[in-house]
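Structure, as structure tokens:
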Amino acid sequence: MSQYPDAHFIKSANAPRQFPPDSGAEVAVAGRSNAGKSSAINVIVNRRQFARTSKTPGRTQLVNFFELRPGQRLVDLPGYGFARVSDAMRRHWGMLLAGYFETRSSLQGLFLIVDIRRGITDFVRRMIEFAKNVQLPVHVLLTKADKLKKGPAAAARLAAEKELRGRATVQTFSALKRAGEQEARAQLEAFLEA
Ligand SMILES: Nc1nc2c(ncn2[C@@H]2O[C@H](COP(=O)(O)OP(=O)(O)O)[C@@H](O)[C@H]2O)c(=O)[nH]1
Ligand SMILES: [Mg+2]
């Protein structure tokens with residue numbers, strides 16, 4: 001059973017003026033495209049095909065708002081990493097993200113979805129810097145942990161924890177094996193209730 005039986009898509013926004021009212025609490029989820037963001041959201045919300053952004057490419061460039069419960073939202077931020085995207089589009093994304101982070105007072109926390117095999121990259125460091133500037137707590141999901149053996153997965157987590165100590169919390173996750181699901185959901189709830 002989903003903890004969020006009434007969760008639903010609210011809207012996609014391409015500019016801050018399209019964001020829904022800034023009331024209640026929301027948690028944003030970001031990651032490079034293909035990192036496993038949509039899959040992680042589906043597992044955490046426990047709703048299959050909830051965030052299907054990879055199947056609808058247009059939506060991956062927009063800020064997608066979902067209502068989890070009345071007054072509580074999950075926000076799927078645009079992903080980066082498509083080689084084919086133009087510089088103009090990248091700049092637009094940067095502005096959209098900056099506009100989002102700087103204006104949303106209901107924003108309580110950021111989930112960063114990271115492919116455990118890539119680890120902490122400049123993209124992750126930039127996003128954490130972004131969050132720090134607006135005093136936003138960050139939780140990193142090292143996802144696709146099933147792609148590594150136990151030892152290397154634990155080593156990757158330790159390396160990430162060491163680098164991000166004091167700036168973000170870190171956990172391993174696998175959408176495929178539904179590993180780390182409870183921990184992730186507990187963190188989401190903690191952010192929403194903060
Ligand atoms: N093995 C494995 N594959 C995953 C996992 N999460 C996502 N994937 C795969 O990675 C690809 C990208 O996933 P998706 O959730 O669409 O990524 P997004 O672009 O970040 O939203 C898809 O082929 C998924 O099936 C995981 O935990 N384990
Ligand atoms: Mg996606």
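Ligands are numbered from 1 in the order shown, chains are lettered A, B, ... in the order of the structure tokens, and residues start at 1 in each chain.
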- [ ] Could you please write out, as an MDAnalysis selection string, every residue of range 33-160 of chain A that DSSP assigns to alpha helix (DSSP H)?
- [x] chainID A and resid 37:45 87:103 122:133 150:160
Neighbour list for Phe111 in chain A as a PDB file with all heavy atoms, in the first residue's frame, cut-off 10 Å, only C-alpha atoms, skip fewer than 2 positions in-chain:
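The result, written out as out.pdb:
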ATOM      1  N   VAL A  27       9.315  18.961  -1.182  1.00  0.00           N
ATOM      2  CA  VAL A  27      10.662  18.396  -1.264  1.00  0.00           C
ATOM      3  C   VAL A  27      10.985  18.228  -2.742  1.00  0.00           C
ATOM      4  O   VAL A  27      10.172  17.706  -3.504  1.00  0.00           O
ATOM      5  CB  VAL A  27      10.740  17.044  -0.524  1.00  0.00           C
ATOM      6  CG1 VAL A  27      12.066  16.340  -0.805  1.00  0.00           C
ATOM      7  CG2 VAL A  27      10.566  17.251   0.977  1.00  0.00           C
ATOM      8  N   ALA A  28      12.157  18.709  -3.143  1.00  0.00           N
ATOM      9  CA  ALA A  28      12.557  18.627  -4.543  1.00  0.00           C
ATOM     10  C   ALA A  28      13.480  17.430  -4.765  1.00  0.00           C
ATOM     11  O   ALA A  28      14.210  17.014  -3.861  1.00  0.00           O
ATOM     12  CB  ALA A  28      13.269  19.916  -4.948  1.00  0.00           C
ATOM     13  N   VAL A  29      13.404  16.870  -5.968  1.00  0.00           N
ATOM     14  CA  VAL A  29      14.253  15.738  -6.338  1.00  0.00           C
ATOM     15  C   VAL A  29      15.000  16.104  -7.614  1.00  0.00           C
ATOM     16  O   VAL A  29      14.374  16.502  -8.606  1.00  0.00           O
ATOM     17  CB  VAL A  29      13.420  14.457  -6.567  1.00  0.00           C
ATOM     18  CG1 VAL A  29      14.333  13.255  -6.762  1.00  0.00           C
ATOM     19  CG2 VAL A  29      12.451  14.214  -5.413  1.00  0.00           C
ATOM     20  N   ALA A  30      16.327  15.998  -7.577  1.00  0.00           N
ATOM     21  CA  ALA A  30      17.126  16.359  -8.742  1.00  0.00           C
ATOM     22  C   ALA A  30      18.134  15.274  -9.056  1.00  0.00           C
ATOM     23  O   ALA A  30      18.503  14.476  -8.194  1.00  0.00           O
ATOM     24  CB  ALA A  30      17.863  17.684  -8.486  1.00  0.00           C
ATOM     25  N   GLY A  31      18.569  15.238 -10.285  1.00  0.00           N
ATOM     26  CA  GLY A  31      19.592  14.284 -10.700  1.00  0.00           C
ATOM     27  C   GLY A  31      19.839  14.427 -12.178  1.00  0.00           C
ATOM     28  O   GLY A  31      19.000  14.974 -12.900  1.00  0.00           O
ATOM     29  N   LYS A  37      16.212   8.883 -11.401  1.00  0.00           N
ATOM     30  CA  LYS A  37      15.339   9.762 -10.607  1.00  0.00           C
ATOM     31  C   LYS A  37      13.875   9.300 -10.629  1.00  0.00           C
ATOM     32  O   LYS A  37      13.260   9.141  -9.572  1.00  0.00           O
ATOM     33  CB  LYS A  37      15.466  11.194 -11.143  1.00  0.00           C
ATOM     34  CG  LYS A  37      14.634  12.214 -10.390  1.00  0.00           C
ATOM     35  CD  LYS A  37      15.156  13.615 -10.616  1.00  0.00           C
ATOM     36  CE  LYS A  37      15.224  13.982 -12.094  1.00  0.00           C
ATOM     37  NZ  LYS A  37      14.029  14.703 -12.562  1.00  0.00           N
ATOM     38  N   ILE A  41      11.676   7.912  -7.461  1.00  0.00           N
ATOM     39  CA  ILE A  41      10.423   8.552  -7.023  1.00  0.00           C
ATOM     40  C   ILE A  41       9.297   7.516  -6.978  1.00  0.00           C
ATOM     41  O   ILE A  41       8.545   7.439  -6.012  1.00  0.00           O
ATOM     42  CB  ILE A  41      10.047   9.744  -7.946  1.00  0.00           C
ATOM     43  CG1 ILE A  41      11.041  10.891  -7.762  1.00  0.00           C
ATOM     44  CG2 ILE A  41       8.619  10.218  -7.665  1.00  0.00           C
ATOM     45  CD1 ILE A  41      10.855  12.055  -8.748  1.00  0.00           C
ATOM     46  N   VAL A  75       8.611  17.596  -5.862  1.00  0.00           N
ATOM     47  CA  VAL A  75       8.899  18.363  -7.072  1.00  0.00           C
ATOM     48  C   VAL A  75      10.032  17.696  -7.842  1.00  0.00           C
ATOM     49  O   VAL A  75      11.140  17.531  -7.325  1.00  0.00           O
ATOM     50  CB  VAL A  75       9.283  19.816  -6.706  1.00  0.00           C
ATOM     51  CG1 VAL A  75       9.467  20.644  -7.964  1.00  0.00           C
ATOM     52  CG2 VAL A  75       8.211  20.429  -5.816  1.00  0.00           C
ATOM     53  N   ASP A  76       9.720  17.288  -9.052  1.00  0.00           N
ATOM     54  CA  ASP A  76      10.686  16.610  -9.918  1.00  0.00           C
ATOM     55  C   ASP A  76      11.373  17.688 -10.762  1.00  0.00           C
ATOM     56  O   ASP A  76      10.759  18.277 -11.651  1.00  0.00           O
ATOM     57  CB  ASP A  76       9.890  15.613 -10.789  1.00  0.00           C
ATOM     58  CG  ASP A  76      10.770  14.723 -11.629  1.00  0.00           C
ATOM     59  OD1 ASP A  76      11.996  14.948 -11.663  1.00  0.00           O
ATOM     60  OD2 ASP A  76      10.224  13.804 -12.266  1.00  0.00           O
ATOM     61  N   GLY A 109      13.536  20.527   1.609  1.00  0.00           N
ATOM     62  CA  GLY A 109      14.684  19.633   1.468  1.00  0.00           C
ATOM     63  C   GLY A 109      14.880  19.236   0.021  1.00  0.00           C
ATOM     64  O   GLY A 109      13.987  19.385  -0.811  1.00  0.00           O
ATOM     65  N   ILE A 113      19.650  12.476  -6.675  1.00  0.00           N
ATOM     66  CA  ILE A 113      19.721  11.101  -7.149  1.00  0.00           C
ATOM     67  C   ILE A 113      20.999  10.933  -7.959  1.00  0.00           C
ATOM     68  O   ILE A 113      21.200  11.602  -8.978  1.00  0.00           O
ATOM     69  CB  ILE A 113      18.487  10.743  -8.016  1.00  0.00           C
ATOM     70  CG1 ILE A 113      17.185  11.155  -7.327  1.00  0.00           C
ATOM     71  CG2 ILE A 113      18.501   9.255  -8.372  1.00  0.00           C
ATOM     72  CD1 ILE A 113      16.930  10.547  -5.962  1.00  0.00           C
ATOM     73  N   VAL A 114      21.864  10.041  -7.465  1.00  0.00           N
ATOM     74  CA  VAL A 114      23.206   9.881  -8.035  1.00  0.00           C
ATOM     75  C   VAL A 114      23.437   8.412  -8.379  1.00  0.00           C
ATOM     76  O   VAL A 114      23.209   7.538  -7.536  1.00  0.00           O
ATOM     77  CB  VAL A 114      24.269  10.340  -7.002  1.00  0.00           C
ATOM     78  CG1 VAL A 114      25.673  10.095  -7.514  1.00  0.00           C
ATOM     79  CG2 VAL A 114      24.071  11.810  -6.642  1.00  0.00           C
ATOM     80  N   PRO A 137      18.536  21.600   3.375  1.00  0.00           N
ATOM     81  CA  PRO A 137      19.203  20.322   3.658  1.00  0.00           C
ATOM     82  C   PRO A 137      19.126  19.365   2.467  1.00  0.00           C
ATOM     83  O   PRO A 137      18.144  19.358   1.731  1.00  0.00           O
ATOM     84  CB  PRO A 137      18.443  19.767   4.865  1.00  0.00           C
ATOM     85  CG  PRO A 137      17.135  20.458   4.884  1.00  0.00           C
ATOM     86  CD  PRO A 137      17.327  21.797   4.193  1.00  0.00           C
ATOM     87  N   VAL A 138      20.191  18.578   2.283  1.00  0.00           N
ATOM     88  CA  VAL A 138      20.295  17.688   1.120  1.00  0.00           C
ATOM     89  C   VAL A 138      20.468  16.238   1.560  1.00  0.00           C
ATOM     90  O   VAL A 138      21.230  15.938   2.483  1.00  0.00           O
ATOM     91  CB  VAL A 138      21.511  18.081   0.240  1.00  0.00           C
ATOM     92  CG1 VAL A 138      21.644  17.139  -0.956  1.00  0.00           C
ATOM     93  CG2 VAL A 138      21.403  19.522  -0.236  1.00  0.00           C
ATOM     94  N   HIS A 139      19.755  15.354   0.883  1.00  0.00           N
ATOM     95  CA  HIS A 139      19.910  13.913   1.096  1.00  0.00           C
ATOM     96  C   HIS A 139      20.276  13.280  -0.246  1.00  0.00           C
ATOM     97  O   HIS A 139      19.556  13.458  -1.234  1.00  0.00           O
ATOM     98  CB  HIS A 139      18.609  13.316   1.644  1.00  0.00           C
ATOM     99  CG  HIS A 139      18.706  11.875   2.011  1.00  0.00           C
ATOM    100  ND1 HIS A 139      19.547  11.412   3.009  1.00  0.00           N
ATOM    101  CD2 HIS A 139      18.095  10.765   1.506  1.00  0.00           C
ATOM    102  CE1 HIS A 139      19.423  10.093   3.114  1.00  0.00           C
ATOM    103  NE2 HIS A 139      18.565   9.670   2.212  1.00  0.00           N
ATOM    104  N   VAL A 140      21.389  12.554  -0.265  1.00  0.00           N
ATOM    105  CA  VAL A 140      21.864  11.935  -1.508  1.00  0.00           C
ATOM    106  C   VAL A 140      21.481  10.463  -1.537  1.00  0.00           C
ATOM    107  O   VAL A 140      21.781   9.715  -0.604  1.00  0.00           O
ATOM    108  CB  VAL A 140      23.400  12.091  -1.638  1.00  0.00           C
ATOM    109  CG1 VAL A 140      23.922  11.314  -2.845  1.00  0.00           C
ATOM    110  CG2 VAL A 140      23.784  13.562  -1.744  1.00  0.00           C
ATOM    111  N   LEU A 141      20.822  10.053  -2.605  1.00  0.00           N
ATOM    112  CA  LEU A 141      20.543   8.631  -2.831  1.00  0.00           C
ATOM    113  C   LEU A 141      21.564   8.129  -3.832  1.00  0.00           C
ATOM    114  O   LEU A 141      21.569   8.565  -4.988  1.00  0.00           O
ATOM    115  CB  LEU A 141      19.159   8.393  -3.450  1.00  0.00           C
ATOM    116  CG  LEU A 141      17.877   8.603  -2.682  1.00  0.00           C
ATOM    117  CD1 LEU A 141      16.737   7.871  -3.392  1.00  0.00           C
ATOM    118  CD2 LEU A 141      17.980   8.124  -1.257  1.00  0.00           C
ATOM    119  N   ALA A 168      25.592  17.035   3.498  1.00  0.00           N
ATOM    120  CA  ALA A 168      24.483  16.205   3.011  1.00  0.00           C
ATOM    121  C   ALA A 168      24.524  14.859   3.717  1.00  0.00           C
ATOM    122  O   ALA A 168      25.587  14.400   4.121  1.00  0.00           O
ATOM    123  CB  ALA A 168      24.595  15.993   1.499  1.00  0.00           C
ATOM    124  N   THR A 169      23.366  14.245   3.858  1.00  0.00           N
ATOM    125  CA  THR A 169      23.316  12.862   4.323  1.00  0.00           C
ATOM    126  C   THR A 169      23.316  11.967   3.082  1.00  0.00           C
ATOM    127  O   THR A 169      22.950  12.405   1.986  1.00  0.00           O
ATOM    128  CB  THR A 169      22.072  12.610   5.181  1.00  0.00           C
ATOM    129  OG1 THR A 169      20.916  13.084   4.481  1.00  0.00           O
ATOM    130  CG2 THR A 169      22.175  13.333   6.519  1.00  0.00           C
ATOM    131  N   VAL A 170      23.753  10.718   3.258  1.00  0.00           N
ATOM    132  CA  VAL A 170      23.954   9.816   2.119  1.00  0.00           C
ATOM    133  C   VAL A 170      23.380   8.440   2.452  1.00  0.00           C
ATOM    134  O   VAL A 170      23.508   7.970   3.588  1.00  0.00           O
ATOM    135  CB  VAL A 170      25.468   9.656   1.829  1.00  0.00           C
ATOM    136  CG1 VAL A 170      25.691   8.675   0.679  1.00  0.00           C
ATOM    137  CG2 VAL A 170      26.119  10.996   1.508  1.00  0.00           C
ATOM    138  N   ALA A 184      14.714   6.101   2.710  1.00  0.00           N
ATOM    139  CA  ALA A 184      14.436   7.250   1.844  1.00  0.00           C
ATOM    140  C   ALA A 184      13.099   7.886   2.205  1.00  0.00           C
ATOM    141  O   ALA A 184      12.970   9.111   2.283  1.00  0.00           O
ATOM    142  CB  ALA A 184      14.448   6.820   0.382  1.00  0.00           C
ATOM    143  N   GLN A 187      13.273   9.873   5.370  1.00  0.00           N
ATOM    144  CA  GLN A 187      13.921  11.173   5.151  1.00  0.00           C
ATOM    145  C   GLN A 187      12.967  12.151   4.475  1.00  0.00           C
ATOM    146  O   GLN A 187      12.901  13.329   4.830  1.00  0.00           O
ATOM    147  CB  GLN A 187      15.196  10.993   4.317  1.00  0.00           C
ATOM    148  CG  GLN A 187      15.981  12.272   4.143  1.00  0.00           C
ATOM    149  CD  GLN A 187      16.443  12.870   5.455  1.00  0.00           C
ATOM    150  OE1 GLN A 187      17.296  12.314   6.130  1.00  0.00           O
ATOM    151  NE2 GLN A 187      15.854  13.985   5.855  1.00  0.00           N
ATOM    152  N   LEU A 188      12.212  11.652   3.519  1.00  0.00           N
ATOM    153  CA  LEU A 188      11.212  12.496   2.839  1.00  0.00           C
ATOM    154  C   LEU A 188      10.209  13.034   3.865  1.00  0.00           C
ATOM    155  O   LEU A 188       9.904  14.238   3.895  1.00  0.00           O
ATOM    156  CB  LEU A 188      10.483  11.681   1.757  1.00  0.00           C
ATOM    157  CG  LEU A 188       9.283  12.341   1.095  1.00  0.00           C
ATOM    158  CD1 LEU A 188       9.691  13.588   0.314  1.00  0.00           C
ATOM    159  CD2 LEU A 188       8.565  11.352   0.159  1.00  0.00           C
ATOM    160  N   PHE A 191      11.766  15.688   6.104  1.00  0.00           N
ATOM    161  CA  PHE A 191      11.837  16.992   5.419  1.00  0.00           C
ATOM    162  C   PHE A 191      10.453  17.654   5.385  1.00  0.00           C
ATOM    163  O   PHE A 191      10.319  18.844   5.644  1.00  0.00           O
ATOM    164  CB  PHE A 191      12.328  16.817   3.975  1.00  0.00           C
ATOM    165  CG  PHE A 191      13.825  16.652   3.829  1.00  0.00           C
ATOM    166  CD1 PHE A 191      14.351  16.034   2.687  1.00  0.00           C
ATOM    167  CD2 PHE A 191      14.717  17.101   4.789  1.00  0.00           C
ATOM    168  CE1 PHE A 191      15.722  15.884   2.513  1.00  0.00           C
ATOM    169  CE2 PHE A 191      16.091  16.967   4.627  1.00  0.00           C
ATOM    170  CZ  PHE A 191      16.598  16.357   3.479  1.00  0.00           C
TER     171      PHE A 191
END
TODO: Kindly indicate which residue among A:Gln61, A:Ser33, A:Asn46, A:Ser23 lies nearest to Thr103 in chain A, using only C-alpha atoms for the distances.
DONE: A:Ser23
With a cut-off of 7 Å, could you pull out the residues of chain A touching ligand 1 and give me the nearest pair of atoms for each, distance in Å to one decimal, using only C-alpha atoms and all ligand atoms, ordered by chain and ascending number, as a Markdown table?
| residue | atom | partner | partner_atom_place_in_ligand_line | distance |
| --- | --- | --- | --- | --- |
| A:Gly31 | CA | ligand 1 | 20 (O) | 6.0 |
| A:Arg32 | CA | ligand 1 | 20 (O) | 6.0 |
| A:Ser33 | CA | ligand 1 | 19 (O) | 3.9 |
| A:Asn34 | CA | ligand 1 | 19 (O) | 3.3 |
| A:Ala35 | CA | ligand 1 | 20 (O) | 4.0 |
| A:Gly36 | CA | ligand 1 | 17 (O) | 3.3 |
| A:Lys37 | CA | ligand 1 | 20 (O) | 3.6 |
| A:Ser38 | CA | ligand 1 | 21 (O) | 3.7 |
| A:Ser39 | CA | ligand 1 | 15 (O) | 3.6 |
| A:Ala40 | CA | ligand 1 | 6 (N) | 6.4 |
| A:Thr53 | CA | ligand 1 | 21 (O) | 6.0 |
| A:Ser54 | CA | ligand 1 | 16 (O) | 4.6 |
| A:Gly79 | CA | ligand 1 | 20 (O) | 6.9 |
| A:Thr143 | CA | ligand 1 | 27 (O) | 5.3 |
| A:Lys144 | CA | ligand 1 | 27 (O) | 3.5 |
| A:Ala145 | CA | ligand 1 | 27 (O) | 6.3 |
| A:Asp146 | CA | ligand 1 | 28 (N) | 5.7 |
| A:Lys147 | CA | ligand 1 | 1 (N) | 5.6 |
| A:Phe173 | CA | ligand 1 | 27 (O) | 6.6 |
| A:Ser174 | CA | ligand 1 | 27 (O) | 3.5 |
| A:Ala175 | CA | ligand 1 | 27 (O) | 3.6 |
| A:Leu176 | CA | ligand 1 | 27 (O) | 4.5 |
| A:Lys177 | CA | ligand 1 | 27 (O) | 6.8 |
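Comparing A:Ile10, A:Ala25, A:Ala51, A:Ile44 by their smallest distance to ligand 2, the closest is A:Ala51 (using only C-alpha atoms and all ligand atoms).
If you count only C-alpha atoms and ignore residues fewer than 2 places along the chain from Arg69 in chain A, what sits within 8 Å of it is Tyr4, Asp6, Ala7, Glu67, Gly71, Gln72 and Arg73 of chain A.
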Dump as a PDB file, in the first residue's frame, selection limited to N, CA and C atoms:
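The result, stored in again31.pdb:
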ATOM      1  N   TYR A   4       0.972   7.227   0.198  1.00  0.00           N
ATOM      2  CA  TYR A   4       0.405   8.422  -0.437  1.00  0.00           C
ATOM      3  C   TYR A   4      -0.680   7.996  -1.424  1.00  0.00           C
ATOM      4  N   ASP A   6      -3.409   9.160  -2.320  1.00  0.00           N
ATOM      5  CA  ASP A   6      -4.059  10.196  -3.129  1.00  0.00           C
ATOM      6  C   ASP A   6      -3.063  11.056  -3.895  1.00  0.00           C
ATOM      7  N   ALA A   7      -1.797  10.565  -3.966  1.00  0.00           N
ATOM      8  CA  ALA A   7      -0.775  11.348  -4.673  1.00  0.00           C
ATOM      9  C   ALA A   7      -1.159  11.508  -6.136  1.00  0.00           C
ATOM     10  N   GLU A  67       1.317  16.381  -5.910  1.00  0.00           N
ATOM     11  CA  GLU A  67       0.825  16.490  -4.536  1.00  0.00           C
ATOM     12  C   GLU A  67       0.892  15.108  -3.908  1.00  0.00           C
ATOM     13  N   GLY A  71      -1.314  19.853   0.909  1.00  0.00           N
ATOM     14  CA  GLY A  71      -0.286  20.738   1.475  1.00  0.00           C
ATOM     15  C   GLY A  71       1.117  20.161   1.463  1.00  0.00           C
ATOM     16  N   GLN A  72       1.312  18.965   0.894  1.00  0.00           N
ATOM     17  CA  GLN A  72       2.645  18.366   0.819  1.00  0.00           C
ATOM     18  C   GLN A  72       2.933  17.964  -0.621  1.00  0.00           C
ATOM     19  N   ARG A  73       4.039  18.490  -1.149  1.00  0.00           N
ATOM     20  CA  ARG A  73       4.371  18.233  -2.559  1.00  0.00           C
ATOM     21  C   ARG A  73       5.750  17.625  -2.739  1.00  0.00           C
TER      22      ARG A  73
END
Task: Residue among A:Ala179, A:Ala194, A:Val63, A:Leu136 lying closest to Gly99 in chain A, counting only C-alpha atoms - done: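 Closest to Gly99 in chain A, using only C-alpha atoms: A:Val63.
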Open item on the list: Set the distance at 10 Å and use only C-alpha atoms: which residues neighbour Gly94 in chain A once local chain neighbours fewer than 5 positions away are removed? I'd like the list as a list in words.
Closed with: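 The contact residues come out as Pro78, Tyr80, Ala88, Met89, Gly99 and Tyr100 of chain A.
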Task: Closest of A:Thr172, A:Arg104, A:Gln3, A:Asn42 to ligand 2 - atom-to-atom distances counting only C-alpha atoms and all ligand atoms - done: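 Nearest to ligand 2: A:Asn42.
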Open item on the list: DSSP on the backbone: which residues in range 10-192 of chain A end up as strand (DSSP E)? Give the answer as JSON, numbers by chain.
Closed with: {"A": [10, 11, 12, 13, 25, 26, 27, 28, 29, 30, 31, 63, 64, 65, 66, 67, 68, 69, 72, 73, 74, 75, 76, 107, 108, 109, 110, 111, 112, 113, 114, 115, 138, 139, 140, 141, 142, 143, 169, 170, 171, 172]}
Task: Counting only C-alpha atoms and all ligand atoms, the option among A:Arg157, A:Lys11, A:Leu77, A:Val45 closest to ligand 2 - done: A:Leu77
TODO: Measuring atom to atom with only C-alpha atoms, identify which of A:Ala190, A:Met127, A:Ala156, A:Leu74 is nearest to Ser106 in chain A.
DONE: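 So, comparing all the options, the nearest one is A:Leu74.
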